[in-house]
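File shown: data31.txt. Contents: compact mmCIF, C-alpha atoms.
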```txt
# COMPACT_ATOMS: atom_id res chain seq x y z
CA MET A 1 0.00 0.00 0.00
CA HIS A 2 1.51 3.28 -1.11
CA GLU A 3 -1.40 5.58 -0.27
CA LEU A 4 0.26 6.91 2.86
CA SER A 5 3.22 8.22 0.87
CA ILE A 6 0.79 9.62 -1.71
CA ALA A 7 -1.16 11.34 1.10
CA MET A 8 2.09 12.79 2.43
CA SER A 9 2.94 14.14 -1.03
CA ILE A 10 -0.48 15.81 -1.13
CA VAL A 11 0.20 17.43 2.26
CA GLU A 12 3.64 18.61 1.10
CA LEU A 13 2.22 20.02 -2.09
CA ALA A 14 -0.50 21.87 -0.16
CA GLU A 15 2.01 23.23 2.35
CA GLU A 16 4.02 24.68 -0.55
CA GLU A 17 0.96 26.69 -1.51
CA LEU A 18 0.80 28.17 1.98
CA LYS A 19 4.27 29.70 1.73
CA GLY A 20 4.06 33.44 2.24
CA ARG A 21 0.64 33.22 3.88
CA SER A 22 1.56 33.09 7.55
CA GLY A 23 -1.15 31.87 9.89
CA ALA A 24 -3.23 30.47 7.04
CA SER A 25 -4.64 26.98 7.24
CA ILE A 26 -6.13 24.57 4.76
CA GLN A 27 -9.74 23.52 5.22
CA ALA A 28 -10.12 21.22 2.25
CA VAL A 29 -8.17 19.64 -0.60
CA HIS A 30 -9.92 19.00 -3.92
CA LEU A 31 -8.39 16.03 -5.68
CA LYS A 32 -9.03 14.38 -9.03
CA LEU A 33 -8.27 10.68 -8.87
CA GLY A 34 -8.09 8.73 -12.11
CA LEU A 35 -9.53 5.22 -11.94
CA LEU A 36 -6.33 4.02 -13.63
CA SER A 37 -3.94 5.93 -11.34
CA GLY A 38 -3.18 2.87 -9.24
CA VAL A 39 -4.33 4.69 -6.12
CA SER A 40 -7.24 3.46 -4.04
CA LYS A 41 -9.75 6.12 -2.99
CA GLU A 42 -10.68 4.36 0.25
CA ALA A 43 -7.08 3.74 1.28
CA LEU A 44 -6.12 7.32 0.45
CA GLU A 45 -9.02 8.70 2.50
CA SER A 46 -8.02 6.68 5.52
CA CYS A 47 -4.35 7.73 5.25
CA PHE A 48 -5.07 11.39 4.69
CA GLU A 49 -5.94 12.26 8.29
CA MET A 50 -2.73 10.64 9.48
CA ALA A 51 -0.66 12.52 6.90
CA CYS A 52 -2.21 15.84 8.01
CA PHE A 53 -1.29 15.34 11.66
CA GLU A 54 0.44 18.40 13.15
CA SER A 55 0.44 20.20 9.80
CA PRO A 56 -1.52 23.26 8.61
CA LEU A 57 -3.88 20.72 7.06
CA ALA A 58 -4.86 19.12 10.37
CA GLY A 59 -8.61 18.56 10.42
CA SER A 60 -8.99 19.33 6.71
CA ARG A 61 -11.26 17.40 4.37
CA LEU A 62 -10.15 15.50 1.27
CA LEU A 63 -12.73 15.86 -1.49
CA ILE A 64 -12.10 13.27 -4.18
CA GLU A 65 -13.58 13.37 -7.64
CA GLU A 66 -13.07 10.08 -9.47
CA ILE A 67 -12.13 10.45 -13.12
CA PRO A 68 -13.34 7.69 -15.43
CA VAL A 69 -11.04 6.07 -17.96
CA THR A 70 -11.46 7.28 -21.52
CA ALA A 71 -9.51 6.25 -24.60
CA ARG A 72 -9.25 7.24 -28.24
CA CYS A 73 -11.20 4.69 -30.21
CA PRO A 74 -9.36 3.80 -33.43
CA SER A 75 -12.61 2.89 -35.13
CA CYS A 76 -14.88 5.79 -34.03
CA ALA A 77 -11.89 8.21 -34.08
CA GLU A 78 -13.40 9.76 -30.94
CA VAL A 79 -12.53 9.81 -27.25
CA ARG A 80 -14.88 7.36 -25.56
CA PRO A 81 -15.30 5.83 -22.11
CA ILE A 82 -14.07 2.23 -21.88
CA ASP A 83 -16.40 -0.66 -21.06
CA SER A 84 -14.78 -1.33 -17.71
CA ILE A 85 -11.34 -1.41 -16.19
CA GLN A 86 -11.37 -5.16 -16.94
CA LEU A 87 -12.25 -4.63 -20.58
CA PHE A 88 -10.45 -1.95 -22.55
CA ARG A 89 -12.95 -1.66 -25.34
CA CYS A 90 -14.83 1.31 -26.74
CA SER A 91 -18.17 1.46 -24.95
CA VAL A 92 -19.83 2.60 -28.18
CA CYS A 93 -18.49 0.29 -30.91
CA GLY A 94 -16.60 -2.36 -28.94
CA ALA A 95 -13.21 -1.90 -30.64
CA PRO A 96 -10.16 -2.65 -28.45
CA VAL A 97 -8.52 0.58 -27.31
CA SER A 98 -4.96 1.26 -26.22
CA GLU A 99 -4.53 5.03 -26.32
CA ILE A 100 -5.65 6.17 -22.88
CA VAL A 101 -6.74 9.81 -22.76
CA SER A 102 -7.91 10.27 -19.17
CA GLY A 103 -8.02 8.31 -15.95
CA LYS A 104 -4.31 7.90 -15.18
CA GLY A 105 -3.82 11.16 -13.31
CA LEU A 106 -3.77 12.15 -9.69
CA GLU A 107 -4.11 15.90 -9.40
CA VAL A 108 -4.68 18.43 -6.65
CA VAL A 109 -7.05 20.83 -8.40
CA ALA A 110 -7.81 23.34 -5.62
CA LEU A 111 -7.36 24.15 -1.95
CA GLU A 112 -9.76 25.85 0.44
CA ILE A 113 -7.50 28.23 2.34
CA LEU A 114 -8.55 30.11 5.50
CA GLU A 115 -6.47 33.25 5.99
CA MET B 1 -9.83 38.65 8.29
CA SER B 2 -12.56 36.67 6.65
CA ALA B 3 -13.90 33.51 8.26
CA GLU B 4 -14.81 31.99 4.92
CA PRO B 5 -12.13 29.86 3.27
CA ARG B 6 -10.98 30.96 -0.15
CA LEU B 7 -10.90 28.45 -3.01
CA VAL B 8 -7.46 28.60 -4.61
CA GLU B 9 -6.88 26.78 -7.87
CA VAL B 10 -3.72 24.66 -7.81
CA ARG B 11 -3.78 22.02 -10.58
CA LYS B 12 -0.71 20.05 -9.61
CA ASN B 13 0.15 16.46 -10.32
CA VAL B 14 0.74 14.68 -7.01
CA LEU B 15 3.40 12.40 -8.51
CA LYS B 16 5.17 15.25 -10.27
CA GLN B 17 8.35 14.85 -8.23
CA ASN B 18 8.73 11.22 -9.34
CA ASP B 19 7.76 12.02 -12.93
CA VAL B 20 10.40 14.77 -13.17
CA VAL B 21 13.16 12.43 -11.96
CA ALA B 22 11.90 9.64 -14.26
CA ARG B 23 11.94 11.93 -17.28
CA ALA B 24 15.51 13.02 -16.54
CA LEU B 25 16.55 9.37 -16.16
CA ARG B 26 14.93 8.44 -19.47
CA GLU B 27 16.89 11.20 -21.20
CA ARG B 28 20.10 10.02 -19.56
CA PHE B 29 19.45 6.41 -20.60
CA ARG B 30 18.75 7.42 -24.20
CA ALA B 31 21.80 9.65 -24.37
CA ALA B 32 23.98 6.79 -23.08
CA GLY B 33 22.41 4.33 -25.54
CA VAL B 34 21.35 1.92 -22.79
CA TYR B 35 17.99 0.17 -23.17
CA VAL B 36 16.22 0.01 -19.82
CA ILE B 37 13.68 -2.67 -19.00
CA SER B 38 11.71 -2.87 -15.77
CA MET B 39 10.05 -6.01 -14.47
CA VAL B 40 6.95 -6.12 -12.26
CA SER B 41 4.97 -9.04 -10.89
CA GLY B 42 3.57 -10.42 -7.68
CA PRO B 43 5.98 -12.07 -5.23
CA GLY B 44 7.17 -15.50 -6.35
CA THR B 45 6.32 -15.23 -10.05
CA GLY B 46 9.88 -15.86 -11.12
CA LYS B 47 11.25 -12.42 -11.95
CA THR B 48 14.66 -13.20 -10.50
CA MET B 49 14.98 -16.57 -12.23
CA LEU B 50 13.98 -15.12 -15.60
CA LEU B 51 16.38 -12.25 -15.05
CA GLU B 52 19.26 -14.57 -14.11
CA LYS B 53 18.65 -16.55 -17.28
CA THR B 54 18.33 -13.38 -19.36
CA LEU B 55 21.52 -11.81 -17.98
CA THR B 56 23.47 -15.00 -18.55
CA MET B 57 22.24 -15.60 -22.09
CA LEU B 58 22.55 -11.99 -23.29
CA GLN B 59 26.10 -11.60 -22.04
CA PRO B 60 28.19 -13.06 -24.79
CA GLN B 61 26.70 -10.52 -27.14
CA PHE B 62 25.64 -7.60 -24.94
CA ARG B 63 26.82 -5.65 -21.92
CA VAL B 64 24.14 -6.03 -19.28
CA ALA B 65 23.50 -4.96 -15.69
CA ALA B 66 20.65 -5.09 -13.21
CA LEU B 67 19.15 -3.26 -10.26
CA VAL B 68 16.96 -5.32 -8.00
CA GLY B 69 14.48 -3.94 -5.49
CA ASP B 70 13.35 -5.74 -2.36
CA LEU B 71 11.93 -4.72 0.99
CA ALA B 72 14.79 -6.50 2.75
CA THR B 73 17.65 -8.97 2.13
CA ASP B 74 20.09 -9.03 -0.75
CA ASN B 75 19.31 -12.65 -1.66
CA ASP B 76 18.14 -11.71 -5.15
CA ALA B 77 21.25 -9.67 -5.89
CA MET B 78 23.39 -12.61 -4.76
CA ARG B 79 21.46 -14.98 -7.02
CA LEU B 80 21.81 -12.60 -9.95
CA ALA B 81 25.52 -12.08 -9.28
CA ARG B 82 26.00 -15.69 -10.41
CA SER B 83 25.39 -14.43 -13.92
CA LYS B 84 28.64 -12.37 -13.53
CA ALA B 85 26.78 -9.24 -14.63
CA PRO B 86 27.06 -6.11 -12.44
CA VAL B 87 24.10 -6.19 -10.05
CA ARG B 88 23.04 -3.78 -7.36
CA GLN B 89 20.41 -4.33 -4.68
CA ILE B 90 18.01 -1.55 -3.74
CA SER B 91 16.61 -2.20 -0.26
CA THR B 92 13.42 -0.23 0.03
CA GLY B 93 12.88 -0.87 3.75
CA THR B 94 9.15 -0.56 4.29
CA ILE B 95 8.37 0.87 0.86
CA CYS B 96 6.43 -1.48 -1.38
CA HIS B 97 7.67 -0.21 -4.76
CA LEU B 98 10.64 1.43 -6.45
CA GLU B 99 10.62 5.15 -7.17
CA ALA B 100 12.65 6.99 -9.79
CA ALA B 101 14.84 8.65 -7.15
CA MET B 102 15.87 5.22 -5.78
CA VAL B 103 16.95 4.17 -9.27
CA GLU B 104 18.86 7.41 -9.73
CA LYS B 105 20.70 6.89 -6.44
CA ALA B 106 21.50 3.24 -7.18
CA LEU B 107 23.09 4.23 -10.48
CA GLU B 108 25.66 6.49 -8.86
CA ALA B 109 29.17 5.74 -10.11
CA TRP B 110 27.90 3.46 -12.87
CA ASN B 111 29.00 4.36 -16.36
CA LEU B 112 25.83 3.93 -18.39
CA ASN B 113 27.75 4.35 -21.64
CA GLU B 114 29.31 0.95 -21.02
CA LEU B 115 25.95 -0.82 -21.02
CA ASP B 116 23.56 -2.12 -23.69
CA PHE B 117 20.81 -3.32 -21.36
CA LEU B 118 19.90 -2.32 -17.83
CA PHE B 119 17.21 -4.37 -16.08
CA ILE B 120 15.30 -3.05 -13.09
CA GLU B 121 13.51 -5.71 -11.06
CA ASN B 122 10.80 -4.07 -9.00
CA VAL B 123 9.61 -5.17 -5.57
CA GLY B 124 7.17 -8.10 -5.85
CA ASN B 125 3.87 -6.23 -5.88
CA LEU B 126 1.14 -5.89 -8.51
CA VAL B 127 -0.45 -2.76 -7.08
CA CYS B 128 1.89 0.05 -6.10
CA PRO B 129 4.57 -0.04 -8.85
CA SER B 130 1.95 0.92 -11.46
CA SER B 131 1.91 4.55 -10.29
CA TYR B 132 5.67 5.11 -10.54
CA ASP B 133 7.52 5.78 -13.77
CA LEU B 134 11.16 4.68 -13.40
CA GLY B 135 12.40 6.11 -16.68
CA GLU B 136 12.33 2.68 -18.29
CA GLU B 137 11.83 2.19 -22.02
CA LEU B 138 9.96 -1.08 -21.65
CA ARG B 139 7.89 -2.39 -18.75
CA LEU B 140 7.44 -6.14 -18.46
CA VAL B 141 4.65 -7.57 -16.36
CA LEU B 142 5.04 -11.22 -15.40
CA LEU B 143 2.53 -13.78 -14.21
CA SER B 144 3.10 -17.45 -13.59
CA VAL B 145 0.83 -20.33 -14.57
CA THR B 146 0.25 -21.12 -10.88
CA GLU B 147 -1.33 -17.76 -10.11
CA GLY B 148 -4.69 -18.16 -11.81
CA GLU B 149 -5.89 -17.13 -15.26
CA ASP B 150 -7.86 -14.15 -13.92
CA LYS B 151 -4.85 -12.31 -12.47
CA PRO B 152 -4.90 -9.65 -15.24
CA LEU B 153 -8.54 -8.90 -14.43
CA LYS B 154 -7.75 -8.59 -10.73
CA TYR B 155 -4.86 -6.19 -11.33
CA PRO B 156 -5.83 -4.37 -14.54
CA THR B 157 -3.96 -1.16 -13.74
CA ILE B 158 -0.50 -2.72 -13.68
CA PHE B 159 -1.21 -4.88 -16.74
CA ASN B 160 -2.46 -1.84 -18.61
CA SER B 161 0.70 0.09 -17.70
CA ALA B 162 2.98 -2.62 -19.15
CA ASP B 163 4.41 -2.97 -22.67
CA VAL B 164 5.04 -6.71 -22.61
CA ALA B 165 3.43 -9.58 -20.68
CA VAL B 166 5.46 -12.68 -19.86
CA VAL B 167 3.77 -15.85 -18.63
CA THR B 168 6.32 -17.81 -16.58
CA LYS B 169 6.69 -21.37 -15.25
CA MET B 170 5.20 -22.87 -18.42
CA ASP B 171 6.84 -26.18 -17.42
CA LEU B 172 4.16 -26.43 -14.72
CA ALA B 173 1.26 -25.63 -17.05
CA ALA B 174 -0.02 -29.20 -17.41
CA ALA B 175 0.29 -29.95 -13.70
CA VAL B 176 -1.90 -26.99 -12.73
CA GLU B 177 -4.24 -27.37 -15.73
CA PHE B 178 -3.33 -23.91 -16.89
CA ASP B 179 -5.69 -22.44 -19.48
CA GLN B 180 -3.39 -20.48 -21.78
CA GLU B 181 -6.11 -19.30 -24.13
CA LEU B 182 -8.15 -17.82 -21.28
CA THR B 183 -5.10 -16.15 -19.75
CA ASP B 184 -4.09 -14.62 -23.07
CA ARG B 185 -7.63 -13.36 -23.58
CA ASN B 186 -7.65 -11.77 -20.12
CA ILE B 187 -4.29 -10.09 -20.75
CA GLN B 188 -5.55 -8.72 -24.07
CA ALA B 189 -8.80 -7.51 -22.42
CA VAL B 190 -6.93 -5.19 -20.07
CA ARG B 191 -4.15 -4.23 -22.51
CA PRO B 192 -5.24 -4.71 -26.12
CA GLY B 193 -2.41 -5.49 -28.51
CA ILE B 194 0.23 -6.16 -25.85
CA GLN B 195 3.16 -8.37 -26.89
CA MET B 196 3.06 -11.69 -25.00
CA PHE B 197 5.64 -14.40 -24.27
CA HIS B 198 5.20 -17.81 -22.65
CA VAL B 199 8.41 -19.04 -21.08
CA SER B 200 9.95 -21.54 -18.72
CA SER B 201 13.14 -20.29 -17.12
CA LYS B 202 13.72 -23.86 -15.95
CA THR B 203 13.59 -25.67 -19.30
CA GLY B 204 14.47 -22.62 -21.42
CA ALA B 205 11.30 -22.93 -23.50
CA GLY B 206 10.28 -19.61 -25.03
CA ILE B 207 13.42 -17.85 -23.80
CA PRO B 208 15.15 -17.52 -27.22
CA GLU B 209 12.08 -15.77 -28.68
CA PHE B 210 11.96 -13.46 -25.67
CA LEU B 211 15.67 -12.58 -25.97
CA GLU B 212 15.39 -12.06 -29.69
CA TYR B 213 12.57 -9.61 -29.07
CA LEU B 214 14.71 -7.68 -26.55
CA SER B 215 17.67 -7.42 -28.90
CA GLY B 216 15.30 -6.26 -31.63
CA ARG B 217 14.06 -3.51 -29.34
CA LEU B 218 17.65 -2.46 -28.56
CA SER B 219 18.61 -2.09 -32.20
CA GLY B 220 15.30 -0.33 -32.86
CA SER B 221 16.12 2.19 -30.15
CA HIS B 222 19.58 2.81 -31.62
CA THR B 223 18.05 3.47 -35.03
CA ALA B 224 15.58 5.87 -33.42
CA ALA B 225 18.44 7.63 -31.62
CA ILE B 226 20.32 8.14 -34.89
CA GLU B 227 17.17 9.53 -36.48
CA ARG B 228 16.74 11.95 -33.55
CA THR B 229 20.21 13.45 -34.05
```
Will you turn the file into structure tokens for me?
Amino acid sequence: MHELSIAMSIVELAEEELKGRSGASIQAVHLKLGLLSGVSKEALESCFEMACFESPLAGSRLLIEEIPVTARCPSCAEVRPIDSIQLFRCSVCGAPVSEIVSGKGLEVVALEILE
Amino acid sequence: MSAEPRLVEVRKNVLKQNDVVARALRERFRAAGVYVISMVSGPGTGKTMLLEKTLTMLQPQFRVAALVGDLATDNDAMRLARSKAPVRQISTGTICHLEAAMVEKALEAWNLNELDFLFIENVGNLVCPSSYDLGEELRLVLLSVTEGEDKPLKYPTIFNSADVAVVTKMDLAAAVEFDQELTDRNIQAVRPGIQMFHVSSKTGAGIPEFLEYLSGRLSGSHTAAIERT
């Protein structure tokens, strides 16, 4: 399980944003989690509180938006959702897809900062 | 002072630090002309045995080396050292995967220009390594015939992140009533078009085809490098 180190990276990244804002604290972290990122939402949520301990993020909320996997379908020539993470096929025409467009990322999109 | 929190847009990739190091490594590897291959699988699939065989058989023709990651012990490095290739152990302690910075550190004092192939054996784990780019050119995912045909469906993320799938321990296939067709179909379901090999490190079956593929990739990368200059 690597979610604790991921949670600690999120805390570090958020702390960077607080530089030059003395006394400010973070109330919430908005995160986009791709379903193909290799990171488990549940595990990350349970590690987050621990990672925030004694930091300006203590007590903050982690708001996770899950990003579905989409791929460029060679047959439709369009970006389409895949059938499922167990079946990398275009959900419209059924062609096998290999060019992943979204769903691999793990991105902090915004912070709620209290100054 | 306002009591309402302010929403500040950030848009930062959480794994950026690893990705930056991995990108720099990839550039270094390409500049040195060394073809870097990483290997991932669950524990006990046979990464080390396949690697020992690979290092030994590639050596007359190519200059090879390996980095091997484990939570603890240097048993794997000692096994691989029998191949006479330069091998370095990366002990990750409690960390369940390799990160690009660990690879960078392990390469200190190694002259990459003197190598054709560098293999990186990841910690035995089918979950965590999928998130970490190591700067490799080719990622191999291994599964053995004893692990169950549905393994790719259980761990789709790592299979999807790989470039080549290697089914190992084919010498045991009959004993465990291994269904090769079903396994291949499951691999292709989670990573359409992926190159597959079926090997036995024990009997050597399938190994020549696998090695031929690797040397083909190496010469392909050299051609690409010449075209880039």
Range 99-191 of chain B near range 22-45 of chain A within 7 Å: what's each residue's closest atom pair and its distance in Å to one decimal, counting all atoms listed in the file, ordered by chain then ascending residue number, as CSV?
```
residue,atom,partner,partner_atom,distance
B:Val127,CA,A:Gly38,CA,6.6
B:Cys128,CA,A:Gly38,CA,6.6
B:Ser130,CA,A:Gly38,CA,5.9
B:Ser131,CA,A:Gly38,CA,5.5
B:Thr157,CA,A:Leu36,CA,5.7
```
Next item on the list: Please determine the contact residues of chain B with respect to chain A at a cut-off of 9 Å, counting all atoms listed in the file, and supply them as JSON, numbers by chain.
Entry: {"B": [1, 2, 3, 4, 5, 6, 7, 8, 9, 10, 11, 12, 13, 14, 15, 95, 96, 97, 127, 128, 129, 130, 131, 152, 153, 154, 155, 156, 157, 158, 160, 186, 188, 189, 190, 191, 192, 193]}
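The space between CA of Leu4 in chain A and CA of Ala71 in chain A spans 29.2 Å.
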Item checked: Pick from B:Met170, B:Arg63, B:Leu214, B:Ile37 nearest to Asp116 in chain B, counting only C-alpha atoms -> B:Arg63
Check: Please, what distance in Å, to one decimal, runs between CA of Phe197 in chain B and CA of Leu140 in chain B?
Finding: 10.3 Å
The centre and edge lengths of an axis-aligned box containing all atoms of range 30-37 of chain A present in the file, extended by 5 Å on each side, are to be given in Å to one decimal, as JSON.
```
{"center_x": -6.9, "center_y": 11.5, "center_z": -8.8, "size_x": 16.0, "size_y": 25.0, "size_z": 19.7}
```
Next item on the list: Up to 8 Å from (14.3, -3.8, -1.1) in the file's coordinates: name the residues, counting all atoms listed in the file, as a list in words.
Entry: Val68, Gly69, Asp70, Leu71, Ala72, Thr73, Asp74, Gln89, Ile90, Ser91, Thr92, Gly93, Ile95 and Val123 of chain B
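One distance worth recording is that between CA of Thr146 in chain B and CA of Gly44 in chain B, which is 10.0 Å.
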Notebook entry, point to check: Taking into account only C-alpha atoms, which residue in the set B:Glu99, B:Glu209, B:Glu121, B:Glu136 is nearest to Leu25 in chain B?
Noted result: B:Glu136
